[in-house]
file target_8.pdb (PDB, C-alpha atoms, pLDDT in the B column)
MODEL        1
ATOM      1  CA  MET A  18      -1.216   6.673 -21.294  1.00 44.00           C
ATOM      2  CA  THR A  19       1.391   5.183 -23.656  1.00 44.00           C
ATOM      3  CA  ASP A  20       4.112   4.339 -21.131  1.00 49.00           C
ATOM      4  CA  SER A  21       3.788   0.666 -20.173  1.00 44.00           C
ATOM      5  CA  THR A  22       6.101   1.127 -17.179  1.00 44.00           C
ATOM      6  CA  THR A  23       3.706   3.548 -15.523  1.00 43.00           C
ATOM      7  CA  GLY A  24       0.420   1.950 -16.500  1.00 48.00           C
ATOM      8  CA  GLY A  25      -1.200   5.290 -17.297  1.00 46.00           C
ATOM      9  CA  ILE A  26      -2.177   7.677 -14.544  1.00 40.00           C
ATOM     10  CA  PRO A  27       0.276   8.859 -11.870  1.00 41.00           C
ATOM     11  CA  HIS A  28      -0.385   7.901  -8.269  1.00 45.00           C
ATOM     12  CA  GLN A  29       1.287   8.242  -4.886  1.00 44.00           C
ATOM     13  CA  GLN A  30       4.990   7.611  -4.431  1.00 51.00           C
ATOM     14  CA  PRO A  31       5.900   4.068  -3.338  1.00 51.00           C
ATOM     15  CA  ASN A  32       7.664   3.312  -0.087  1.00 58.00           C
ATOM     16  CA  ASP A  33       9.761   0.469   1.319  1.00 63.00           C
ATOM     17  CA  LEU A  34       6.926  -1.315   3.152  1.00 60.00           C
ATOM     18  CA  LEU A  35       6.870  -4.294   0.807  1.00 63.00           C
ATOM     19  CA  LYS A  36      10.643  -4.660   0.940  1.00 63.00           C
ATOM     20  CA  ARG A  37      10.366  -4.932   4.701  1.00 62.00           C
ATOM     21  CA  LEU A  38       7.455  -7.366   4.472  1.00 62.00           C
ATOM     22  CA  PHE A  39       9.261  -9.672   2.061  1.00 63.00           C
ATOM     23  CA  ALA A  40      12.759  -9.336   3.521  1.00 65.00           C
ATOM     24  CA  PRO A  41      14.200 -12.612   4.864  1.00 59.00           C
ATOM     25  CA  LYS A  42      13.577 -12.883   8.572  1.00 59.00           C
ATOM     26  CA  SER A  43      16.332 -14.055  10.893  1.00 57.00           C
ATOM     27  CA  THR A  44      15.411 -17.161  12.794  1.00 55.00           C
ATOM     28  CA  GLY A  45      17.064 -18.514  15.892  1.00 54.00           C
ATOM     29  CA  PRO A  46      17.072 -22.093  17.092  1.00 56.00           C
ATOM     30  CA  SER A  47      13.574 -23.188  17.990  1.00 60.00           C
ATOM     31  CA  SER A  48      11.426 -26.273  17.942  1.00 61.00           C
ATOM     32  CA  PRO A  49       9.120 -26.568  14.906  1.00 64.00           C
ATOM     33  CA  VAL A  50       5.512 -25.779  15.673  1.00 63.00           C
ATOM     34  CA  PRO A  51       3.202 -28.533  14.435  1.00 67.00           C
ATOM     35  CA  ALA A  52       0.516 -27.456  12.010  1.00 67.00           C
ATOM     36  CA  PRO A  53      -3.083 -27.455  13.310  1.00 64.00           C
ATOM     37  CA  ALA A  54      -5.067 -30.598  12.685  1.00 65.00           C
ATOM     38  CA  TRP A  55      -7.295 -28.846  10.129  1.00 53.00           C
ATOM     39  CA  VAL A  56      -4.201 -27.917   8.107  1.00 58.00           C
ATOM     40  CA  GLN A  57      -2.808 -31.434   8.217  1.00 60.00           C
ATOM     41  CA  GLY A  58      -6.086 -32.753   6.879  1.00 58.00           C
ATOM     42  CA  SER A  59      -6.579 -29.993   4.305  1.00 63.00           C
ATOM     43  CA  HIS A  60      -5.776 -31.100   0.768  1.00 70.00           C
ATOM     44  CA  GLY A  61      -3.694 -28.568  -1.149  1.00 67.00           C
ATOM     45  CA  PHE A  62      -3.168 -26.165   1.749  1.00 64.00           C
ATOM     46  CA  GLY A  63      -0.569 -23.620   0.650  1.00 62.00           C
ATOM     47  CA  ASP A  64      -0.150 -24.936  -2.915  1.00 67.00           C
ATOM     48  CA  ASN A  65      -0.351 -22.808  -6.069  1.00 77.00           C
ATOM     49  CA  GLY A  66      -4.063 -23.445  -6.496  1.00 77.00           C
ATOM     50  CA  HIS A  67      -4.724 -22.300  -2.944  1.00 81.00           C
ATOM     51  CA  ARG A  68      -2.617 -19.180  -3.456  1.00 81.00           C
ATOM     52  CA  GLY A  69      -4.386 -18.392  -6.729  1.00 80.00           C
ATOM     53  CA  ALA A  70      -7.783 -18.731  -5.064  1.00 86.00           C
ATOM     54  CA  PHE A  71      -6.657 -16.375  -2.276  1.00 87.00           C
ATOM     55  CA  GLY A  72      -5.551 -13.798  -4.860  1.00 87.00           C
ATOM     56  CA  GLU A  73      -8.913 -13.911  -6.608  1.00 91.00           C
ATOM     57  CA  GLU A  74     -10.845 -13.559  -3.343  1.00 90.00           C
ATOM     58  CA  PHE A  75      -8.531 -10.706  -2.279  1.00 91.00           C
ATOM     59  CA  ILE A  76      -9.692  -8.814  -5.373  1.00 94.00           C
ATOM     60  CA  ARG A  77     -13.348  -9.700  -4.843  1.00 93.00           C
ATOM     61  CA  MET A  78     -13.310  -8.430  -1.242  1.00 92.00           C
ATOM     62  CA  LEU A  79     -11.590  -5.202  -2.288  1.00 93.00           C
ATOM     63  CA  ALA A  80     -14.053  -4.647  -5.148  1.00 94.00           C
ATOM     64  CA  THR A  81     -17.020  -5.384  -2.904  1.00 93.00           C
ATOM     65  CA  ALA A  82     -15.716  -2.901  -0.337  1.00 92.00           C
ATOM     66  CA  ALA A  83     -15.593  -0.372  -3.193  1.00 93.00           C
ATOM     67  CA  ASN A  84     -19.305  -1.103  -3.933  1.00 92.00           C
ATOM     68  CA  LEU A  85     -18.565  -2.615  -7.338  1.00 94.00           C
ATOM     69  CA  ASP A  86     -20.471  -5.504  -8.888  1.00 93.00           C
ATOM     70  CA  VAL A  87     -18.192  -8.532  -9.232  1.00 93.00           C
ATOM     71  CA  THR A  88     -18.895 -11.395 -11.626  1.00 92.00           C
ATOM     72  CA  ARG A  89     -16.736 -14.502 -12.014  1.00 88.00           C
ATOM     73  CA  LYS A  90     -16.031 -16.023 -15.389  1.00 76.00           C
ATOM     74  CA  GLU A  91     -17.145 -19.612 -14.914  1.00 72.00           C
ATOM     75  CA  ARG A  92     -14.853 -20.875 -17.671  1.00 69.00           C
ATOM     76  CA  ASP A  93     -11.503 -19.090 -17.929  1.00 68.00           C
ATOM     77  CA  ARG A  94     -11.021 -19.397 -21.680  1.00 77.00           C
ATOM     78  CA  VAL A  95     -10.154 -15.783 -22.471  1.00 85.00           C
ATOM     79  CA  GLY A  96      -7.824 -14.815 -19.620  1.00 88.00           C
ATOM     80  CA  VAL A  97     -10.451 -13.122 -17.444  1.00 93.00           C
ATOM     81  CA  ASP A  98     -11.102 -14.006 -13.807  1.00 93.00           C
ATOM     82  CA  TRP A  99     -13.415 -11.158 -12.764  1.00 94.00           C
ATOM     83  CA  GLN A 100     -15.657  -8.679 -14.494  1.00 94.00           C
ATOM     84  CA  LEU A 101     -16.194  -5.524 -12.437  1.00 95.00           C
ATOM     85  CA  GLY A 102     -18.929  -2.975 -12.996  1.00 92.00           C
ATOM     86  CA  TYR A 103     -20.668  -0.035 -11.348  1.00 83.00           C
ATOM     87  CA  ALA A 104     -23.410   2.474 -12.013  1.00 76.00           C
ATOM     88  CA  GLY A 105     -21.095   5.240 -13.158  1.00 69.00           C
ATOM     89  CA  ARG A 106     -20.534   8.743 -11.842  1.00 64.00           C
ATOM     90  CA  ARG A 107     -22.966  11.528 -12.664  1.00 55.00           C
ATOM     91  CA  GLY A 108     -22.302  12.822 -16.148  1.00 56.00           C
ATOM     92  CA  THR A 109     -20.443   9.689 -17.274  1.00 64.00           C
ATOM     93  CA  ARG A 110     -21.415   6.563 -19.166  1.00 66.00           C
ATOM     94  CA  LYS A 111     -23.904   4.393 -17.242  1.00 74.00           C
ATOM     95  CA  TYR A 112     -22.984   0.902 -16.090  1.00 83.00           C
ATOM     96  CA  PRO A 113     -19.368   0.764 -17.314  1.00 88.00           C
ATOM     97  CA  ALA A 114     -17.485  -2.515 -16.881  1.00 92.00           C
ATOM     98  CA  ILE A 115     -13.884  -3.697 -16.905  1.00 95.00           C
ATOM     99  CA  GLU A 116     -12.278  -7.146 -16.875  1.00 95.00           C
ATOM    100  CA  ALA A 117      -9.374  -8.408 -14.777  1.00 96.00           C
ATOM    101  CA  GLN A 118      -6.891 -11.234 -14.924  1.00 96.00           C
ATOM    102  CA  VAL A 119      -5.624 -12.021 -11.414  1.00 95.00           C
ATOM    103  CA  LYS A 120      -2.201 -13.400 -10.522  1.00 96.00           C
ATOM    104  CA  CYS A 121      -0.857 -14.013  -7.031  1.00 94.00           C
ATOM    105  CA  THR A 122       2.778 -14.427  -5.992  1.00 92.00           C
ATOM    106  CA  ALA A 123       4.632 -14.956  -2.727  1.00 91.00           C
ATOM    107  CA  SER A 124       8.068 -14.222  -4.225  1.00 88.00           C
ATOM    108  CA  PRO A 125       7.815 -10.810  -5.900  1.00 89.00           C
ATOM    109  CA  ASP A 126      10.823  -9.306  -7.662  1.00 93.00           C
ATOM    110  CA  LEU A 127      10.613  -5.905  -5.975  1.00 92.00           C
ATOM    111  CA  HIS A 128      12.351  -2.810  -7.277  1.00 93.00           C
ATOM    112  CA  GLU A 129      12.247   0.811  -6.206  1.00 91.00           C
ATOM    113  CA  ASP A 130       9.291   1.800  -8.390  1.00 94.00           C
ATOM    114  CA  HIS A 131       8.027  -1.436  -9.935  1.00 96.00           C
ATOM    115  CA  ILE A 132       7.569  -5.182  -9.565  1.00 97.00           C
ATOM    116  CA  ARG A 133       8.973  -7.468 -12.259  1.00 97.00           C
ATOM    117  CA  TYR A 134       6.631 -10.338 -12.994  1.00 97.00           C
ATOM    118  CA  PRO A 135       7.095 -13.153 -15.536  1.00 96.00           C
ATOM    119  CA  LEU A 136       3.730 -13.443 -17.262  1.00 95.00           C
ATOM    120  CA  LYS A 137       3.060 -16.402 -19.540  1.00 93.00           C
ATOM    121  CA  VAL A 138       3.000 -15.331 -23.181  1.00 93.00           C
ATOM    122  CA  LYS A 139      -0.531 -16.711 -23.504  1.00 92.00           C
ATOM    123  CA  ASN A 140      -1.689 -14.530 -20.608  1.00 94.00           C
ATOM    124  CA  TYR A 141       0.246 -11.536 -21.945  1.00 95.00           C
ATOM    125  CA  ASN A 142      -1.500 -11.811 -25.296  1.00 95.00           C
ATOM    126  CA  GLN A 143      -4.864 -12.029 -23.524  1.00 95.00           C
ATOM    127  CA  LEU A 144      -4.183  -8.577 -22.049  1.00 96.00           C
ATOM    128  CA  ALA A 145      -2.174  -6.738 -24.722  1.00 96.00           C
ATOM    129  CA  GLY A 146      -3.562  -4.725 -27.603  1.00 94.00           C
ATOM    130  CA  THR A 147      -6.855  -2.960 -28.251  1.00 93.00           C
ATOM    131  CA  ASP A 148      -9.076  -5.625 -29.813  1.00 91.00           C
ATOM    132  CA  TYR A 149     -11.461  -5.902 -26.845  1.00 92.00           C
ATOM    133  CA  GLU A 150     -15.022  -4.968 -26.051  1.00 90.00           C
ATOM    134  CA  MET A 151     -14.045  -3.460 -22.705  1.00 92.00           C
ATOM    135  CA  PRO A 152     -10.834  -2.485 -20.880  1.00 95.00           C
ATOM    136  CA  ARG A 153      -9.007  -5.296 -19.125  1.00 95.00           C
ATOM    137  CA  PHE A 154      -6.227  -5.223 -16.564  1.00 97.00           C
ATOM    138  CA  LEU A 155      -3.699  -7.417 -14.837  1.00 98.00           C
ATOM    139  CA  PHE A 156      -4.206  -7.458 -11.058  1.00 97.00           C
ATOM    140  CA  LEU A 157      -1.107  -8.742  -9.257  1.00 97.00           C
ATOM    141  CA  VAL A 158      -1.634  -9.799  -5.626  1.00 95.00           C
ATOM    142  CA  LEU A 159       1.383 -10.111  -3.330  1.00 93.00           C
ATOM    143  CA  ALA A 160       0.888 -12.620  -0.520  1.00 91.00           C
ATOM    144  CA  PRO A 161       3.123 -13.965   2.260  1.00 89.00           C
ATOM    145  CA  VAL A 162       4.860 -17.303   1.711  1.00 87.00           C
ATOM    146  CA  ASP A 163       3.188 -18.722   4.817  1.00 86.00           C
ATOM    147  CA  PRO A 164      -0.563 -19.189   4.183  1.00 81.00           C
ATOM    148  CA  HIS A 165      -1.203 -18.738   7.915  1.00 84.00           C
ATOM    149  CA  ALA A 166      -0.126 -15.094   7.448  1.00 81.00           C
ATOM    150  CA  TRP A 167      -2.569 -14.373   4.630  1.00 79.00           C
ATOM    151  CA  SER A 168      -5.241 -13.194   7.048  1.00 81.00           C
ATOM    152  CA  HIS A 169      -5.459 -11.899  10.590  1.00 85.00           C
ATOM    153  CA  VAL A 170      -8.801 -11.631  12.357  1.00 83.00           C
ATOM    154  CA  THR A 171      -9.829  -9.730  15.467  1.00 85.00           C
ATOM    155  CA  GLU A 172     -13.212  -8.543  16.704  1.00 86.00           C
ATOM    156  CA  GLU A 173     -12.484  -5.164  15.144  1.00 88.00           C
ATOM    157  CA  ARG A 174     -11.167  -6.090  11.706  1.00 84.00           C
ATOM    158  CA  LEU A 175     -10.144  -8.611   9.073  1.00 81.00           C
ATOM    159  CA  ARG A 176      -6.701  -7.864   7.653  1.00 84.00           C
ATOM    160  CA  LEU A 177      -5.501  -9.465   4.421  1.00 79.00           C
ATOM    161  CA  SER A 178      -1.818  -9.471   3.496  1.00 78.00           C
ATOM    162  CA  HIS A 179      -0.216  -7.909   1.649  1.00 89.00           C
ATOM    163  CA  ALA A 180      -1.384  -5.807  -1.338  1.00 93.00           C
ATOM    164  CA  ALA A 181      -2.498  -5.792  -4.970  1.00 95.00           C
ATOM    165  CA  TYR A 182      -1.383  -3.730  -7.973  1.00 97.00           C
ATOM    166  CA  TRP A 183      -2.742  -3.124 -11.466  1.00 97.00           C
ATOM    167  CA  LEU A 184      -1.269  -2.883 -14.947  1.00 97.00           C
ATOM    168  CA  CYS A 185      -2.841  -1.987 -18.304  1.00 96.00           C
ATOM    169  CA  LEU A 186      -1.277  -3.475 -21.462  1.00 96.00           C
ATOM    170  CA  HIS A 187      -3.621  -2.065 -24.105  1.00 95.00           C
ATOM    171  CA  ASP A 188      -0.804   0.161 -25.380  1.00 93.00           C
ATOM    172  CA  GLN A 189       1.368  -2.902 -26.069  1.00 94.00           C
ATOM    173  CA  GLU A 190       1.212  -5.158 -29.104  1.00 93.00           C
ATOM    174  CA  PRO A 191       0.461  -8.870 -28.617  1.00 92.00           C
ATOM    175  CA  LEU A 192       3.444 -11.122 -29.265  1.00 91.00           C
ATOM    176  CA  ALA A 193       3.634 -13.128 -32.481  1.00 84.00           C
ATOM    177  CA  PRO A 194       4.379 -16.838 -31.963  1.00 71.00           C
ATOM    178  CA  ASP A 195       7.804 -16.480 -33.618  1.00 64.00           C
ATOM    179  CA  SER A 196       8.830 -13.391 -31.605  1.00 59.00           C
ATOM    180  CA  THR A 197       9.246 -14.975 -28.183  1.00 54.00           C
ATOM    181  CA  SER A 198      12.705 -16.459 -28.881  1.00 55.00           C
ATOM    182  CA  GLY A 199      11.724 -19.732 -27.278  1.00 56.00           C
ATOM    183  CA  SER A 200      10.650 -18.075 -24.029  1.00 69.00           C
ATOM    184  CA  SER A 201       7.308 -19.066 -22.579  1.00 89.00           C
ATOM    185  CA  THR A 202       7.032 -15.877 -20.503  1.00 91.00           C
ATOM    186  CA  ARG A 203       7.153 -12.133 -21.011  1.00 94.00           C
ATOM    187  CA  THR A 204       8.356  -9.971 -18.123  1.00 95.00           C
ATOM    188  CA  VAL A 205       6.000  -7.120 -17.265  1.00 97.00           C
ATOM    189  CA  TYR A 206       6.746  -4.187 -15.000  1.00 97.00           C
ATOM    190  CA  VAL A 207       3.930  -3.444 -12.585  1.00 97.00           C
ATOM    191  CA  PRO A 208       4.291   0.057 -11.085  1.00 97.00           C
ATOM    192  CA  ARG A 209       4.291   0.081  -7.298  1.00 96.00           C
ATOM    193  CA  ALA A 210       2.465   3.406  -7.539  1.00 96.00           C
ATOM    194  CA  ASN A 211      -0.508   1.481  -8.996  1.00 97.00           C
ATOM    195  CA  LEU A 212      -1.707   0.208  -5.647  1.00 96.00           C
ATOM    196  CA  LEU A 213      -5.245  -1.163  -5.791  1.00 96.00           C
ATOM    197  CA  THR A 214      -7.559   0.602  -3.359  1.00 94.00           C
ATOM    198  CA  ALA A 215     -11.267   1.389  -3.388  1.00 90.00           C
ATOM    199  CA  ASP A 216     -10.463   4.748  -4.997  1.00 91.00           C
ATOM    200  CA  SER A 217      -8.004   3.463  -7.592  1.00 94.00           C
ATOM    201  CA  LEU A 218     -10.411   0.677  -8.617  1.00 95.00           C
ATOM    202  CA  HIS A 219     -12.917   3.374  -9.551  1.00 92.00           C
ATOM    203  CA  ASP A 220     -10.191   5.220 -11.448  1.00 92.00           C
ATOM    204  CA  LEU A 221      -9.885   2.226 -13.803  1.00 94.00           C
ATOM    205  CA  PHE A 222     -13.351   3.025 -15.194  1.00 91.00           C
ATOM    206  CA  ALA A 223     -12.033   6.306 -16.643  1.00 88.00           C
ATOM    207  CA  GLU A 224     -12.841   7.109 -20.263  1.00 87.00           C
ATOM    208  CA  ASP A 225      -9.113   7.001 -21.096  1.00 89.00           C
ATOM    209  CA  TYR A 226      -9.081   3.207 -20.883  1.00 91.00           C
ATOM    210  CA  ARG A 227     -12.318   2.865 -22.849  1.00 88.00           C
ATOM    211  CA  GLU A 228     -10.836   5.013 -25.603  1.00 90.00           C
ATOM    212  CA  LEU A 229      -7.846   2.674 -25.796  1.00 90.00           C
ATOM    213  CA  VAL A 230     -10.114  -0.169 -26.870  1.00 90.00           C
ATOM    214  CA  GLY A 231     -12.315   2.046 -29.036  1.00 81.00           C
ATOM    215  CA  VAL A 232     -15.410   2.268 -26.849  1.00 72.00           C
ATOM    216  CA  GLY A 233     -14.895   5.717 -25.367  1.00 61.00           C
TER     217      GLY A 233
ENDMDL
END

call {"tool": "encode", "arguments": {"input": "target_8.pdb", "output": "structure tokens"}}
result
Amino acid sequence: MTDSTTGGIPHQQPNDLLKRLFAPKSTGPSSPVPAPAWVQGSHGFGDNGHRGAFGEEFIRMLATAANLDVTRKERDRVGVDWQLGYAGRRGTRKYPAIEAQVKCTASPDLHEDHIRYPLKVKNYNQLAGTDYEMPRFLFLVLAPVDPHAWSHVTEERLRLSHAAYWLCLHDQEPLAPDSTSGSSTRTVYVPRANLLTADSLHDLFAEDYRELVGVG
């Protein structure tokens, strides 16, 4: 639980799927395909705000599929986008809740067992340490560069691309203002083993994380 590069509990071994998904694709000579009319008339299509909104909704759909209650923070003043809760397993605390800060990127720095992500110091300090009423996590969503590839719909399914990962920073100390050496970001290492699924979302309600913030 004290190793920030693993985020706590061990999970499945990562593979090279994301490297293949984000690898540069060779392109031959072709005529550019004009964007649909609705895209041309859509303000902010594909910008950072659009990508951030997609990342947040990615998490909400995954949490809903896991039968968790999802509540949005109307005013993001404390670095929390979603509060997740559920009834609790038999023999455990009733109605536990966790909080999540969501980030979304289309240019992940992928490594064999982790993803390097430059987190703003302000956001880092909103996640680090133990002075919280409930556990909170960073959820990092990886999305394609092209917004048209974010979703694919058929009569059988809705597929969202690509994936989301979690990181807990309660075992790390917040940064003092004079310790950042002029940098406005702090690089975090999100384990690729910490893939967010319906099962792993429920794992984040474990007593281990509540004990970290003194509410076990």

call {"tool": "residues_near_point", "arguments": {"input": "target_8.pdb", "point": "(-7.2, -13.4, -8.2)", "cutoff": "6 Å", "atoms": "only C-alpha atoms", "output": "PyMOL selection string"}}
result
chain A and resi 69+72-73+76+119-120

call {"tool": "closest_residue", "arguments": {"input": "target_8.pdb", "among": "A:Gly146, A:Val207, A:Phe222, A:Ser217", "to": "A:Tyr112", "atoms": "only C-alpha atoms"}}
result
A:Phe222

call {"tool": "atom_distance", "arguments": {"input": "target_8.pdb", "atom1": "atom CA of A:Asn84", "atom2": "atom CA of A:His131"}}
result
28.0 Å

call {"tool": "atom_distance", "arguments": {"input": "target_8.pdb", "atom1": "atom CA of A:Pro164", "atom2": "atom CA of A:Phe71"}}
result
9.3 Å

call {"tool": "resolve_selection", "arguments": {"input": "target_8.pdb", "expression": "the PyMOL selection byres ((chain A and resi 125) around 9)", "output": "short mmCIF file (atom, residue, chain, number, x, y, z; two decimals) with C-alpha atoms, keeping the file's coordinate frame"}}
result
data_model
loop_
_atom_site.label_atom_id
_atom_site.label_comp_id
_atom_site.auth_asym_id
_atom_site.auth_seq_id
_atom_site.Cartn_x
_atom_site.Cartn_y
_atom_site.Cartn_z
CA PHE A 39 9.26 -9.67 2.06
CA THR A 122 2.78 -14.43 -5.99
CA ALA A 123 4.63 -14.96 -2.73
CA SER A 124 8.07 -14.22 -4.22
CA ASP A 126 10.82 -9.31 -7.66
CA LEU A 127 10.61 -5.90 -5.98
CA ILE A 132 7.57 -5.18 -9.56
CA ARG A 133 8.97 -7.47 -12.26
CA TYR A 134 6.63 -10.34 -12.99
CA LEU A 159 1.38 -10.11 -3.33
CA ALA A 160 0.89 -12.62 -0.52
#
